[in-house]
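Everything below concerns the one structure shown next.
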Amino acid sequence: MFAPNLSVMNRKAISGEIVLAVTSPVWGCMAMSSFTKQKSNLHLLLTNSDQATAHGGQVLVDALCRRFGLWKRIHQTPSLDPRKRTGAGFSPVANAAQLLFTLTSGGASLADAERLGQDRVLMHLLGLVKGADQTTLGQWLRAQTKESVMDLHRINAEFVDWASQQAKPGRWLHAGEAEVFFDDTEIEVEGHKFEGARINYEGNRALSWQTLWYGPWLLDGILDGAGDVSEHLGVLIEEHQPRWQERPSYFYADSGSSAGKYINRIEQAGFTRWSVSYNKWTDKLDRFAAELPESQWSALPPADQRQEQYAWVKHQPGECQQAQRFAVARWKNDGDLMWRYAYVVGKAADTGSPQGVFERHRLKGAKEQGFSEVLSGLDLHHPPCQDLIANQAFYALAMLAYNLLITLKLLDLPEEAQTWRIRTTIRYLLTVPVSVSRHARYEVARICIPAGWLRWWRLFVDQWVPKRKPGRPTVEEVDSA
């Protein structure tokens with residue numbers, strides 16, 4: 001038989017603290033595993049958090065923003081400041097910084113931003129006097145204009161340009177090519193008061209968010225009530241075309257961009273190579289593929305591999321300015337009498353094969369996962385406001401927040417961390433405790449670093465976090481490098 005000791009819990013008030021002393025039970029006459037679950041014998045000390053925060057890793061995000069000069073750029077953008085009295089209230093830099101730090105710490109709403117603003121230690125750590133409440137933040141977002149939203153997109157694109165120049169080419173280029181990707185998603189909303197929302201093909205009220213990616217970065221996006229999933233494709237690639245014209249590039253899109261008018265625009269965009277899924281209007285293609293002689297098809301692979309064959313087919317879809325070359329794959333599932341076909345239209349290398357086109361185009365799946373990570377990692381499934389302009393401003397800041405996290409990984413994290421997802425970065429790098437202590441003439445923030453990361457943190461802080469200089473601190477109009 002075994003008899004556990006009773007756990008003992010003591011409570012005593014010591015200057016507002018609660019101390020819980022818990023002792024582990026001692027088990028007798030019982031075989032125990034080497035590793036099992038037991039009560040902890042640690043003493044728990046509960047204190048007020050006015051001298052500590054759990055978001056100490058935000059100093060890394062702040063340092064990256066300062067390296068780029070983000071705060072200065074926002075400060076020098078007058079369209080972002082709707083105040084009539086610029087000497088009162090929260091500046092655009094303060095509001096934008098609070099929303100960016102909220103998104104990069106795992107928050108997703110204006111209520112989360114307000115809670116973050118109540119973290120006085122974090123505000124002090126990041127150079128903010130105080131945080132705005134959600135009403136103030138919502139008023140600032142609703143006061144934005146088309147011009148100011150475009151300015152946020154411009155700043156985001158400038159950040160992508162800077163980050164792509166700073167990052168090692170091997171960390172973001174694929175086979176030496178800059179990958180460009182266009183995709184659309186539906187942001188479903190509840191209620192009839194969301195401006196710009198429409199009924200989508202599933203019968204739900206939704207906003208359309210059409211995005212353009214440059215490598216791993218979210219280069220641009222348009223949030224509105226567009227009914228066509230590729231309505232803004234032409235505008236986006238035309239605006240950003242200079243970014244890839246002078247270098248090897250590859251463009252991906254899904255079948256939503258396979259209409260002739262979109263293929264024409266993609267052809268004119270200056271991509272070195274491109275590919276688009278094509279699963280609409282395939283009757284003629286099916287007939288052409290069925291009529292191909294056997295000699296036109298690639299040889300069957302070994303029996304232990306998927307039994308697919310590949311060939312080229314030429315066809316000029318409606319609205320296309322010229323005939324296009326399609327890569328076609330055919331296969332049979334168990335019990336099939338007829339061939340099944342799949343098509344990809346695009347511009348391949350001169351020596352490329354139809355099989356190579358399919359293999360490269362399948363990499364589009366990784367791009368789609370990146371888009372999914374934006375939506376899930378930053379929890380962007382729910383717009384925070386009912387006004388369209390406010391949501392457009394919020395999603396512009398969300399793009400910038402995502403790019404900050406991606407760039408922090410690409411520029412500064414070691415190779416073993418390059419596979420981290422957004423949530424992993426937030427959880428293991430940015431969510432670290434900080435305590436503040438006051439000395440005679442200054443205050444010290446002590447960051448508790450996870451095991452194995454102390455050397456990395458020291459190198460980063462030494463290189464990128466500004467040091468307090470002797471004498472009186474200089475007064476800056478806005479935080480800068």
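Simple scheme: letters A, B, ... for chains in structure tokens order, numbers from 1 for residues in each chain, numbers from 1 for ligands in the order shown.
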Q: Using DSSP on the backbone coordinates, identify all residues within range 108-330 of chain A classified as alpha helix (DSSP H); present the result as a PyMOL selection string.
A: chain A and resi 110-117+120-125+134-142+146-166+169-172+233-240+242-245+260-267+283-291
Q. Contacts of His174 in chain A at 12 Å or less, counting only C-alpha atoms, minus same-chain residues fewer than 6 places along, as number ranges by chain?
A. A: 168, 180, 214-216, 248-251, 360, 363
Q | Spatial neighbours of range 46-62 of chain A, max dist 9 Å, only C-alpha atoms, sep filter under 3 positions, as number ranges by chain | A | A: 16-20, 65-67, 97, 101, 104-105, 119-122, 125-126, 404-405, 408, 426, 429-437, 445, 447-448, 460-461, 464-465
(Q) With only C-alpha atoms as the counted atoms, please give the residues lying no more than 12 Å from range 414-419 of chain A, apart from itself and same-chain residues fewer than 3 positions off, as a ChimeraX atom specification. (A) /A:168,170-172,216,370,405-411,422-425,428-429,453,455-457,460
Q: Give the strand (DSSP E or B) residues of range 342-385 of chain A, as assigned by DSSP on the backbone, as number ranges by chain.
A: A: 342-347
Show me, as a PDB file with N, CA and C atoms, in the first residue's frame, the residues that have an atom within 12 Å of range 199-207 of chain A when counting only C-alpha atoms, minus same-chain residues fewer than 5 positions from it.
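What ended up in selection-v6.pdb:
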```pdb
ATOM      1  N   ASP A 184      -6.154  35.818 -54.217  1.00  0.00           N
ATOM      2  CA  ASP A 184      -7.305  36.503 -53.622  1.00  0.00           C
ATOM      3  C   ASP A 184      -7.875  35.630 -52.520  1.00  0.00           C
ATOM      4  N   THR A 185      -8.397  36.272 -51.484  1.00  0.00           N
ATOM      5  CA  THR A 185      -9.119  35.536 -50.455  1.00  0.00           C
ATOM      6  C   THR A 185     -10.364  36.318 -50.065  1.00  0.00           C
ATOM      7  N   GLU A 186     -11.321  35.607 -49.515  1.00  0.00           N
ATOM      8  CA  GLU A 186     -12.570  36.216 -49.065  1.00  0.00           C
ATOM      9  C   GLU A 186     -12.504  36.418 -47.551  1.00  0.00           C
ATOM     10  N   ILE A 187     -12.715  37.657 -47.103  1.00  0.00           N
ATOM     11  CA  ILE A 187     -12.778  37.970 -45.679  1.00  0.00           C
ATOM     12  C   ILE A 187     -14.252  38.074 -45.306  1.00  0.00           C
ATOM     13  N   GLU A 188     -14.798  37.006 -44.735  1.00  0.00           N
ATOM     14  CA  GLU A 188     -16.226  36.983 -44.426  1.00  0.00           C
ATOM     15  C   GLU A 188     -16.531  37.847 -43.209  1.00  0.00           C
ATOM     16  N   VAL A 189     -17.659  38.548 -43.260  1.00  0.00           N
ATOM     17  CA  VAL A 189     -18.075  39.450 -42.180  1.00  0.00           C
ATOM     18  C   VAL A 189     -19.497  39.096 -41.756  1.00  0.00           C
ATOM     19  N   GLU A 190     -19.813  39.444 -40.525  1.00  0.00           N
ATOM     20  CA  GLU A 190     -21.146  39.208 -39.985  1.00  0.00           C
ATOM     21  C   GLU A 190     -21.908  40.531 -39.924  1.00  0.00           C
ATOM     22  N   GLY A 191     -23.154  40.532 -40.358  1.00  0.00           N
ATOM     23  CA  GLY A 191     -23.967  41.739 -40.300  1.00  0.00           C
ATOM     24  C   GLY A 191     -23.998  42.468 -41.635  1.00  0.00           C
ATOM     25  N   HIS A 192     -24.903  43.438 -41.745  1.00  0.00           N
ATOM     26  CA  HIS A 192     -25.126  44.140 -43.002  1.00  0.00           C
ATOM     27  C   HIS A 192     -24.494  45.523 -43.027  1.00  0.00           C
ATOM     28  N   LYS A 193     -23.740  45.878 -41.997  1.00  0.00           N
ATOM     29  CA  LYS A 193     -23.242  47.236 -41.902  1.00  0.00           C
ATOM     30  C   LYS A 193     -21.782  47.373 -42.314  1.00  0.00           C
ATOM     31  N   PHE A 194     -21.169  46.308 -42.786  1.00  0.00           N
ATOM     32  CA  PHE A 194     -19.785  46.403 -43.226  1.00  0.00           C
ATOM     33  C   PHE A 194     -19.745  47.028 -44.607  1.00  0.00           C
ATOM     34  N   ILE A 222      -5.253  44.920 -52.080  1.00  0.00           N
ATOM     35  CA  ILE A 222      -6.413  45.803 -52.182  1.00  0.00           C
ATOM     36  C   ILE A 222      -7.600  45.111 -51.526  1.00  0.00           C
ATOM     37  N   LEU A 223      -8.153  45.768 -50.518  1.00  0.00           N
ATOM     38  CA  LEU A 223      -9.314  45.250 -49.786  1.00  0.00           C
ATOM     39  C   LEU A 223     -10.532  46.057 -50.186  1.00  0.00           C
ATOM     40  N   ASP A 224     -11.512  45.400 -50.793  1.00  0.00           N
ATOM     41  CA  ASP A 224     -12.757  46.080 -51.178  1.00  0.00           C
ATOM     42  C   ASP A 224     -13.815  45.025 -51.492  1.00  0.00           C
ATOM     43  N   GLY A 225     -14.837  45.410 -52.224  1.00  0.00           N
ATOM     44  CA  GLY A 225     -15.915  44.487 -52.544  1.00  0.00           C
ATOM     45  C   GLY A 225     -15.841  43.953 -53.957  1.00  0.00           C
ATOM     46  N   ALA A 226     -14.648  43.754 -54.488  1.00  0.00           N
ATOM     47  CA  ALA A 226     -14.486  43.281 -55.870  1.00  0.00           C
ATOM     48  C   ALA A 226     -15.224  41.967 -56.080  1.00  0.00           C
ATOM     49  N   GLY A 227     -15.932  41.876 -57.210  1.00  0.00           N
ATOM     50  CA  GLY A 227     -16.677  40.659 -57.513  1.00  0.00           C
ATOM     51  C   GLY A 227     -15.866  39.640 -58.283  1.00  0.00           C
ATOM     52  N   ASP A 228     -14.857  40.080 -59.033  1.00  0.00           N
ATOM     53  CA  ASP A 228     -13.983  39.194 -59.801  1.00  0.00           C
ATOM     54  C   ASP A 228     -12.729  38.931 -58.983  1.00  0.00           C
ATOM     55  N   VAL A 229     -12.344  37.679 -58.855  1.00  0.00           N
ATOM     56  CA  VAL A 229     -11.220  37.321 -57.988  1.00  0.00           C
ATOM     57  C   VAL A 229      -9.889  37.846 -58.508  1.00  0.00           C
ATOM     58  N   LEU A 380      -6.364  37.569 -39.263  1.00  0.00           N
ATOM     59  CA  LEU A 380      -6.970  38.640 -40.053  1.00  0.00           C
ATOM     60  C   LEU A 380      -8.297  38.215 -40.679  1.00  0.00           C
ATOM     61  N   HIS A 381      -8.945  37.221 -40.119  1.00  0.00           N
ATOM     62  CA  HIS A 381     -10.226  36.764 -40.660  1.00  0.00           C
ATOM     63  C   HIS A 381     -11.379  37.707 -40.313  1.00  0.00           C
ATOM     64  N   HIS A 382     -11.147  38.646 -39.396  1.00  0.00           N
ATOM     65  CA  HIS A 382     -12.248  39.487 -38.929  1.00  0.00           C
ATOM     66  C   HIS A 382     -11.829  40.954 -38.981  1.00  0.00           C
ATOM     67  N   PRO A 383     -12.325  41.731 -39.944  1.00  0.00           N
ATOM     68  CA  PRO A 383     -12.014  43.168 -39.983  1.00  0.00           C
ATOM     69  C   PRO A 383     -12.467  43.850 -38.699  1.00  0.00           C
ATOM     70  N   GLN A 386     -16.367  48.747 -39.224  1.00  0.00           N
ATOM     71  CA  GLN A 386     -17.414  48.648 -40.234  1.00  0.00           C
ATOM     72  C   GLN A 386     -17.135  49.545 -41.433  1.00  0.00           C
ATOM     73  N   ASP A 387     -16.336  50.606 -41.246  1.00  0.00           N
ATOM     74  CA  ASP A 387     -15.994  51.511 -42.341  1.00  0.00           C
ATOM     75  C   ASP A 387     -14.918  50.878 -43.212  1.00  0.00           C
ATOM     76  N   LEU A 388     -15.102  50.932 -44.521  1.00  0.00           N
ATOM     77  CA  LEU A 388     -14.153  50.319 -45.444  1.00  0.00           C
ATOM     78  C   LEU A 388     -12.791  50.978 -45.358  1.00  0.00           C
ATOM     79  N   ASN A 391     -10.853  49.705 -42.387  1.00  0.00           N
ATOM     80  CA  ASN A 391     -10.345  48.350 -42.594  1.00  0.00           C
ATOM     81  C   ASN A 391      -9.196  48.341 -43.591  1.00  0.00           C
ATOM     82  N   GLN A 392      -9.247  49.178 -44.606  1.00  0.00           N
ATOM     83  CA  GLN A 392      -8.145  49.245 -45.571  1.00  0.00           C
ATOM     84  C   GLN A 392      -6.868  49.731 -44.898  1.00  0.00           C
ATOM     85  N   TYR A 395      -5.581  46.808 -42.622  1.00  0.00           N
ATOM     86  CA  TYR A 395      -4.949  45.717 -43.366  1.00  0.00           C
ATOM     87  C   TYR A 395      -3.638  46.165 -44.003  1.00  0.00           C
TER      88      TYR A 395
END
```
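Between Gly377 in chain A and the residues A:Arg427, A:Asp283, A:His153, A:Leu413, the shortest atom-to-atom distance, using only C-alpha atoms, involves A:Arg427.
The space separating CA of Gln165 in chain A from CA of Trp209 in chain A comes to 27.1 Å.
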Q: Could you give me, as a list of chain:residue names, the residues within 9 Å of Ala269 in chain A, counting only C-alpha atoms and dropping anything in the same chain fewer than 3 positions from it?
A: A:Gly234, A:Ile237, A:Glu238, A:Gln241, A:Gln245, A:Asn264, A:Arg265, A:Ile266
Resulting file, chosen residues, C-alpha atoms, as a PDB file, in the first residue's frame:
```pdb
ATOM      1  CA  GLY A 234      -3.619  44.376 -63.782  1.00  0.00           C
ATOM      2  CA  ILE A 237       1.427  44.192 -61.488  1.00  0.00           C
ATOM      3  CA  GLU A 238       1.488  47.422 -63.495  1.00  0.00           C
ATOM      4  CA  GLN A 241       6.486  46.043 -62.616  1.00  0.00           C
ATOM      5  CA  GLN A 245      12.005  43.944 -64.799  1.00  0.00           C
ATOM      6  CA  ASN A 264      -2.536  39.239 -71.898  1.00  0.00           C
ATOM      7  CA  ARG A 265      -1.674  41.445 -68.924  1.00  0.00           C
ATOM      8  CA  ILE A 266       0.676  38.867 -67.416  1.00  0.00           C
TER       9      ILE A 266
END
```
Counting only C-alpha atoms, which residues of range 222-286 of chain A fall within 10 Å of range 305-316 of chain A, and what is the closest atom pair for each with its distance in Å at one decimal, ordered by chain and rising number, as a Markdown table?
```
| residue | atom | partner | partner_atom | distance |
| --- | --- | --- | --- | --- |
| A:Gly260 | CA | A:Gln316 | CA | 8.7 |
| A:Lys284 | CA | A:His315 | CA | 8.3 |
| A:Leu285 | CA | A:His315 | CA | 7.3 |
| A:Asp286 | CA | A:Val313 | CA | 9.9 |
```
Could you write out that same residue set with N, CA and C atoms as a compact mmCIF listing (two decimals), in the first residue's frame?
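See again.txt below for the written result:
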```
# COMPACT_ATOMS: atom_id res chain seq x y z
N GLY A 260 -8.51 35.19 -70.74
CA GLY A 260 -7.63 35.75 -71.76
C GLY A 260 -7.15 37.15 -71.44
N LYS A 284 -11.85 22.29 -75.71
CA LYS A 284 -10.97 22.23 -76.87
C LYS A 284 -9.63 21.63 -76.53
N LEU A 285 -9.10 21.98 -75.37
CA LEU A 285 -7.82 21.43 -74.95
C LEU A 285 -7.91 19.92 -74.76
N ASP A 286 -9.00 19.45 -74.20
CA ASP A 286 -9.18 18.00 -74.04
C ASP A 286 -9.18 17.30 -75.40
```
Q: Please indicate the distance in Å from CA of Thr135 in chain A to CA of Met123 in chain A, rounded to one decimal place.
A: 18.4 Å
Q: Tell me, as a ChimeraX atom specification, which residues lie within 12 Å of Ala396 in chain A, counting only C-alpha atoms; anything in the same chain fewer than 3 positions away does not count.
A: /A:96,99-100,103,141,144,146,148-157,209,211,218-223,380,383,389-393,399-403
Q: For CA of Asp81 in chain A and CA of Ser208 in chain A, quote the distance in Å rounded to one decimal.
A: 27.1 Å
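Counting only C-alpha atoms and comparing A:Ser258, A:Gln139, A:Ser376, A:Ser295, the residue that lies closest to Gly346 in chain A is A:Ser258.
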